[in-house]
Amino acid sequence: MNVVKDKYRGTQYYVRALAELVRAAEYCGVTTYQDIAVIMGLPLRGSHMGKEVGHILGEIAEDEVQSGRPMLSAVVVGVNGKPGPGLFSLARDIGRLTSEAEPEFWEAERLAAYKVWRRPLSK
């Protein structure tokens with residue numbers, strides 16, 4: 001069951017945002033909300049940007065969890081280097097975050113995404 005309503009699933013924005021998140025996780029790095037906004041053709045600040053970026057990240061995170069993987073949106077941070085409150089809110093809504101403290105949850109989820117998506121070393 002989806003908590004996040006379909007809005008971007010199946011669109012080029014979804015695929016491009018997913019690719020950006022996978023690329024960040026492959027290299028054990030992060031991307032920013034502003035990077036996702038650029039992909040979506042949104043302004044780089046403001047409530048509209050925050051709402052739309054949050055929505056697409058929610059769809060991606062939910063789809064990843066339903067596929068048995070960690071919340072890939074854990075690799076997205078704001079200008080302060082930390083995730084926004086939407087990550088934790090969705091994690092609670094889908095039962096991923098229960099009693100753990102938010103910083104510890106974020107680190108564990110981000111590291112789990114790195115493990116799943118890490119780029120294989122060449123032999």
# chains A, B, ... in the order shown; residues from 1 in each chain; ligands from 1

$ residues_around --residues "A:Arg23" --least-positions-apart "3" --cutoff "12 Å" --atoms "only C-alpha atoms" --output "short mmCIF file (atom, residue, chain, number, x, y, z; two decimals) with N, CA and C atoms, in the first residue's frame"
data_model
loop_
_atom_site.label_atom_id
_atom_site.label_comp_id
_atom_site.auth_asym_id
_atom_site.auth_seq_id
_atom_site.Cartn_x
_atom_site.Cartn_y
_atom_site.Cartn_z
N ARG A 16 14.90 10.46 -13.63
CA ARG A 16 16.11 11.28 -13.49
C ARG A 16 16.48 11.49 -12.02
N ALA A 17 15.49 11.71 -11.17
CA ALA A 17 15.76 11.86 -9.73
C ALA A 17 16.29 10.55 -9.16
N LEU A 18 15.68 9.44 -9.54
CA LEU A 18 16.15 8.13 -9.09
C LEU A 18 17.59 7.91 -9.52
N ALA A 19 17.91 8.24 -10.75
CA ALA A 19 19.28 8.09 -11.25
C ALA A 19 20.26 8.93 -10.44
N GLU A 20 19.86 10.15 -10.07
CA GLU A 20 20.72 11.03 -9.26
C GLU A 20 20.97 10.41 -7.89
N GLU A 26 26.04 5.13 -5.22
CA GLU A 26 27.11 4.32 -5.83
C GLU A 26 28.47 4.74 -5.33
N TYR A 27 28.64 6.03 -5.15
CA TYR A 27 29.93 6.58 -4.74
C TYR A 27 29.97 6.95 -3.26
N CYS A 28 28.99 6.42 -2.51
CA CYS A 28 28.92 6.67 -1.06
C CYS A 28 28.94 8.16 -0.75
N GLY A 29 28.17 8.91 -1.53
CA GLY A 29 28.09 10.35 -1.35
C GLY A 29 26.66 10.79 -1.10
N VAL A 30 26.43 12.06 -1.29
CA VAL A 30 25.09 12.62 -1.13
C VAL A 30 24.78 13.52 -2.32
N THR A 31 23.53 13.84 -2.46
CA THR A 31 23.08 14.85 -3.40
C THR A 31 22.20 15.81 -2.58
N LEU A 72 16.25 5.16 -0.28
CA LEU A 72 17.31 5.79 -1.07
C LEU A 72 17.34 7.30 -0.86
N SER A 73 16.24 7.87 -0.45
CA SER A 73 16.19 9.32 -0.21
C SER A 73 17.07 9.73 0.97
N VAL A 75 20.09 9.63 1.00
CA VAL A 75 21.32 10.22 0.46
C VAL A 75 21.11 11.68 0.04
N VAL A 76 19.96 12.25 0.35
CA VAL A 76 19.66 13.63 -0.03
C VAL A 76 19.73 14.52 1.21
N ALA A 113 21.86 2.12 2.16
CA ALA A 113 21.71 2.48 0.74
C ALA A 113 23.06 2.38 0.04
N TYR A 114 24.12 2.83 0.69
CA TYR A 114 25.45 2.72 0.10
C TYR A 114 25.80 1.26 -0.16
N VAL A 116 23.82 -1.30 -0.68
CA VAL A 116 23.01 -1.84 -1.77
C VAL A 116 23.49 -1.32 -3.12
N TRP A 117 23.78 -0.03 -3.21
CA TRP A 117 24.04 0.61 -4.50
C TRP A 117 25.52 0.84 -4.79
N ARG A 118 26.41 0.49 -3.88
CA ARG A 118 27.84 0.76 -4.07
C ARG A 118 28.32 0.23 -5.41
N ARG A 119 29.07 1.04 -6.09
CA ARG A 119 29.62 0.66 -7.39
C ARG A 119 30.66 -0.43 -7.17
#

$ closest_atom_pairs --of "stretch 56-81 of chain A" --to "stretch 89-93 of chain A" --cutoff "9 Å" --atoms "only C-alpha atoms" --output "tab-separated table"
residue	atom	partner	partner_atom	distance
A:Gly58	CA	A:Leu90	CA	7.0
A:Ala61	CA	A:Leu90	CA	8.5
A:Glu62	CA	A:Leu90	CA	8.3
A:Met71	CA	A:Ala91	CA	8.2

$ select_by_dssp --residues "chain A" --states "strand (DSSP E or B)" --output "PDB file with N, CA, C and O atoms, in the first residue's frame"
ATOM      1  N   THR A  31      23.532  13.841  -2.458  1.00  0.00           N
ATOM      2  CA  THR A  31      23.079  14.851  -3.396  1.00  0.00           C
ATOM      3  C   THR A  31      22.203  15.806  -2.584  1.00  0.00           C
ATOM      4  O   THR A  31      21.951  15.554  -1.409  1.00  0.00           O
ATOM      5  N   THR A  32      21.769  16.885  -3.184  1.00  0.00           N
ATOM      6  CA  THR A  32      21.024  17.881  -2.419  1.00  0.00           C
ATOM      7  C   THR A  32      19.592  18.036  -2.939  1.00  0.00           C
ATOM      8  O   THR A  32      19.285  17.666  -4.072  1.00  0.00           O
ATOM      9  N   VAL A  76      19.956  12.247   0.348  1.00  0.00           N
ATOM     10  CA  VAL A  76      19.657  13.629  -0.028  1.00  0.00           C
ATOM     11  C   VAL A  76      19.727  14.521   1.208  1.00  0.00           C
ATOM     12  O   VAL A  76      19.147  14.198   2.244  1.00  0.00           O
ATOM     13  N   VAL A  77      20.433  15.627   1.070  1.00  0.00           N
ATOM     14  CA  VAL A  77      20.598  16.555   2.191  1.00  0.00           C
ATOM     15  C   VAL A  77      20.303  17.983   1.752  1.00  0.00           C
ATOM     16  O   VAL A  77      20.313  18.296   0.566  1.00  0.00           O
TER      17      VAL A  77
END

$ closest_atom_pairs --of "stretch 33-99 of chain A" --to "stretch 4-14 of chain A" --cutoff "7 Å" --atoms "only C-alpha atoms" --output "CSV"
residue,atom,partner,partner_atom,distance
A:Ile39,CA,A:Tyr13,CA,6.8
A:Met40,CA,A:Tyr13,CA,5.7
A:Ile56,CA,A:Tyr8,CA,6.1
A:Gly58,CA,A:Val4,CA,6.4
A:Glu59,CA,A:Val4,CA,5.9

$ closest_residue --among "A:Ala74, A:His55, A:Leu97, A:Ser67" --to "A:Ala24" --atoms "only C-alpha atoms"
A:Ala74

$ select_by_dssp --residues "stretch 49-111 of chain A" --states "alpha helix (DSSP H)" --output "PDB file with N, CA and C atoms, in the first residue's frame"
ATOM      1  N   MET A  49       9.090  24.398  -4.059  1.00  0.00           N
ATOM      2  CA  MET A  49      10.219  23.515  -4.313  1.00  0.00           C
ATOM      3  C   MET A  49      10.283  22.422  -3.258  1.00  0.00           C
ATOM      4  N   GLY A  50      10.194  22.797  -2.011  1.00  0.00           N
ATOM      5  CA  GLY A  50      10.267  21.822  -0.921  1.00  0.00           C
ATOM      6  C   GLY A  50       9.175  20.774  -0.998  1.00  0.00           C
ATOM      7  N   LYS A  51       7.974  21.214  -1.310  1.00  0.00           N
ATOM      8  CA  LYS A  51       6.840  20.288  -1.389  1.00  0.00           C
ATOM      9  C   LYS A  51       7.015  19.297  -2.528  1.00  0.00           C
ATOM     10  N   GLU A  52       7.386  19.792  -3.708  1.00  0.00           N
ATOM     11  CA  GLU A  52       7.501  18.915  -4.878  1.00  0.00           C
ATOM     12  C   GLU A  52       8.703  17.970  -4.776  1.00  0.00           C
ATOM     13  N   VAL A  53       9.832  18.475  -4.317  1.00  0.00           N
ATOM     14  CA  VAL A  53      11.005  17.619  -4.136  1.00  0.00           C
ATOM     15  C   VAL A  53      10.702  16.569  -3.064  1.00  0.00           C
ATOM     16  N   GLY A  54      10.069  16.991  -1.993  1.00  0.00           N
ATOM     17  CA  GLY A  54       9.691  16.044  -0.945  1.00  0.00           C
ATOM     18  C   GLY A  54       8.757  14.963  -1.463  1.00  0.00           C
ATOM     19  N   HIS A  55       7.847  15.354  -2.335  1.00  0.00           N
ATOM     20  CA  HIS A  55       6.897  14.387  -2.875  1.00  0.00           C
ATOM     21  C   HIS A  55       7.608  13.325  -3.722  1.00  0.00           C
ATOM     22  N   ILE A  56       8.450  13.766  -4.637  1.00  0.00           N
ATOM     23  CA  ILE A  56       9.129  12.794  -5.492  1.00  0.00           C
ATOM     24  C   ILE A  56      10.069  11.902  -4.684  1.00  0.00           C
ATOM     25  N   LEU A  57      10.740  12.474  -3.700  1.00  0.00           N
ATOM     26  CA  LEU A  57      11.621  11.670  -2.853  1.00  0.00           C
ATOM     27  C   LEU A  57      10.816  10.668  -2.036  1.00  0.00           C
ATOM     28  N   GLY A  58       9.615  11.062  -1.622  1.00  0.00           N
ATOM     29  CA  GLY A  58       8.741  10.137  -0.903  1.00  0.00           C
ATOM     30  C   GLY A  58       8.330   8.964  -1.773  1.00  0.00           C
ATOM     31  N   GLU A  59       7.997   9.240  -3.026  1.00  0.00           N
ATOM     32  CA  GLU A  59       7.625   8.159  -3.947  1.00  0.00           C
ATOM     33  C   GLU A  59       8.799   7.204  -4.153  1.00  0.00           C
ATOM     34  N   ILE A  60       9.979   7.761  -4.362  1.00  0.00           N
ATOM     35  CA  ILE A  60      11.168   6.930  -4.579  1.00  0.00           C
ATOM     36  C   ILE A  60      11.466   6.099  -3.339  1.00  0.00           C
ATOM     37  N   ALA A  61      11.453   6.726  -2.179  1.00  0.00           N
ATOM     38  CA  ALA A  61      11.747   6.012  -0.933  1.00  0.00           C
ATOM     39  C   ALA A  61      10.748   4.883  -0.712  1.00  0.00           C
ATOM     40  N   GLU A  62       9.493   5.171  -0.901  1.00  0.00           N
ATOM     41  CA  GLU A  62       8.457   4.160  -0.707  1.00  0.00           C
ATOM     42  C   GLU A  62       8.641   2.989  -1.678  1.00  0.00           C
ATOM     43  N   ASP A  63       8.921   3.292  -2.933  1.00  0.00           N
ATOM     44  CA  ASP A  63       9.125   2.237  -3.934  1.00  0.00           C
ATOM     45  C   ASP A  63      10.349   1.388  -3.596  1.00  0.00           C
ATOM     46  N   GLU A  64      11.401   2.024  -3.133  1.00  0.00           N
ATOM     47  CA  GLU A  64      12.603   1.282  -2.757  1.00  0.00           C
ATOM     48  C   GLU A  64      12.323   0.334  -1.587  1.00  0.00           C
ATOM     49  N   VAL A  65      11.623   0.824  -0.582  1.00  0.00           N
ATOM     50  CA  VAL A  65      11.303  -0.005   0.579  1.00  0.00           C
ATOM     51  C   VAL A  65      10.393  -1.164   0.171  1.00  0.00           C
ATOM     52  N   GLN A  66       9.420  -0.899  -0.692  1.00  0.00           N
ATOM     53  CA  GLN A  66       8.531  -1.966  -1.165  1.00  0.00           C
ATOM     54  C   GLN A  66       9.295  -3.008  -1.983  1.00  0.00           C
ATOM     55  N   PRO A  85      13.005  17.083   7.543  1.00  0.00           N
ATOM     56  CA  PRO A  85      12.086  16.337   8.402  1.00  0.00           C
ATOM     57  C   PRO A  85      11.190  15.360   7.650  1.00  0.00           C
ATOM     58  N   GLY A  86      11.013  15.570   6.342  1.00  0.00           N
ATOM     59  CA  GLY A  86      10.173  14.666   5.557  1.00  0.00           C
ATOM     60  C   GLY A  86      10.701  13.238   5.534  1.00  0.00           C
ATOM     61  N   LEU A  87      12.018  13.079   5.557  1.00  0.00           N
ATOM     62  CA  LEU A  87      12.609  11.741   5.574  1.00  0.00           C
ATOM     63  C   LEU A  87      12.128  10.979   6.800  1.00  0.00           C
ATOM     64  N   PHE A  88      12.184  11.629   7.943  1.00  0.00           N
ATOM     65  CA  PHE A  88      11.817  10.967   9.195  1.00  0.00           C
ATOM     66  C   PHE A  88      10.312  10.760   9.310  1.00  0.00           C
ATOM     67  N   SER A  89       9.556  11.721   8.822  1.00  0.00           N
ATOM     68  CA  SER A  89       8.097  11.599   8.845  1.00  0.00           C
ATOM     69  C   SER A  89       7.639  10.407   8.012  1.00  0.00           C
ATOM     70  N   LEU A  90       8.162  10.289   6.794  1.00  0.00           N
ATOM     71  CA  LEU A  90       7.798   9.159   5.940  1.00  0.00           C
ATOM     72  C   LEU A  90       8.284   7.853   6.554  1.00  0.00           C
ATOM     73  N   ALA A  91       9.485   7.853   7.102  1.00  0.00           N
ATOM     74  CA  ALA A  91      10.024   6.639   7.726  1.00  0.00           C
ATOM     75  C   ALA A  91       9.108   6.151   8.847  1.00  0.00           C
ATOM     76  N   ARG A  92       8.563   7.082   9.606  1.00  0.00           N
ATOM     77  CA  ARG A  92       7.603   6.700  10.658  1.00  0.00           C
ATOM     78  C   ARG A  92       6.305   6.175  10.045  1.00  0.00           C
ATOM     79  N   ASP A  93       5.819   6.872   9.013  1.00  0.00           N
ATOM     80  CA  ASP A  93       4.554   6.486   8.374  1.00  0.00           C
ATOM     81  C   ASP A  93       4.610   5.084   7.784  1.00  0.00           C
ATOM     82  N   GLU A 102      16.544   9.983  15.400  1.00  0.00           N
ATOM     83  CA  GLU A 102      16.625  10.378  13.998  1.00  0.00           C
ATOM     84  C   GLU A 102      18.040  10.377  13.424  1.00  0.00           C
ATOM     85  N   PRO A 103      19.038  10.964  14.105  1.00  0.00           N
ATOM     86  CA  PRO A 103      20.385  10.951  13.510  1.00  0.00           C
ATOM     87  C   PRO A 103      20.932   9.534  13.293  1.00  0.00           C
ATOM     88  N   GLU A 104      20.678   8.652  14.232  1.00  0.00           N
ATOM     89  CA  GLU A 104      21.147   7.272  14.114  1.00  0.00           C
ATOM     90  C   GLU A 104      20.408   6.547  12.992  1.00  0.00           C
ATOM     91  N   PHE A 105      19.102   6.791  12.888  1.00  0.00           N
ATOM     92  CA  PHE A 105      18.324   6.189  11.814  1.00  0.00           C
ATOM     93  C   PHE A 105      18.857   6.642  10.458  1.00  0.00           C
ATOM     94  N   TRP A 106      19.070   7.941  10.328  1.00  0.00           N
ATOM     95  CA  TRP A 106      19.552   8.490   9.053  1.00  0.00           C
ATOM     96  C   TRP A 106      20.893   7.866   8.669  1.00  0.00           C
ATOM     97  N   GLU A 107      21.820   7.792   9.619  1.00  0.00           N
ATOM     98  CA  GLU A 107      23.126   7.210   9.317  1.00  0.00           C
ATOM     99  C   GLU A 107      22.987   5.749   8.901  1.00  0.00           C
ATOM    100  N   ALA A 108      22.206   4.983   9.623  1.00  0.00           N
ATOM    101  CA  ALA A 108      22.024   3.563   9.299  1.00  0.00           C
ATOM    102  C   ALA A 108      21.362   3.380   7.933  1.00  0.00           C
ATOM    103  N   GLU A 109      20.365   4.190   7.638  1.00  0.00           N
ATOM    104  CA  GLU A 109      19.646   4.078   6.364  1.00  0.00           C
ATOM    105  C   GLU A 109      20.548   4.503   5.197  1.00  0.00           C
ATOM    106  N   ARG A 110      21.308   5.549   5.395  1.00  0.00           N
ATOM    107  CA  ARG A 110      22.242   6.020   4.364  1.00  0.00           C
ATOM    108  C   ARG A 110      23.316   4.967   4.095  1.00  0.00           C
ATOM    109  N   LEU A 111      23.885   4.394   5.148  1.00  0.00           N
ATOM    110  CA  LEU A 111      24.906   3.356   4.984  1.00  0.00           C
ATOM    111  C   LEU A 111      24.329   2.114   4.321  1.00  0.00           C
TER     112      LEU A 111
END

$ closest_residue --among "A:Gly78, A:Pro43, A:Gly68, A:Pro83" --to "A:Arg96" --atoms "only C-alpha atoms"
A:Gly68

$ atom_distance --atom1 "atom CA of A:Arg45" --atom2 "atom CA of A:Val79"
10.8 Å

$ atom_distance --atom1 "atom CA of A:Ala25" --atom2 "atom CA of A:Leu121"
14.2 Å

$ atom_distance --atom1 "atom CA of A:Asn2" --atom2 "atom CA of A:Ile94"
8.8 Å
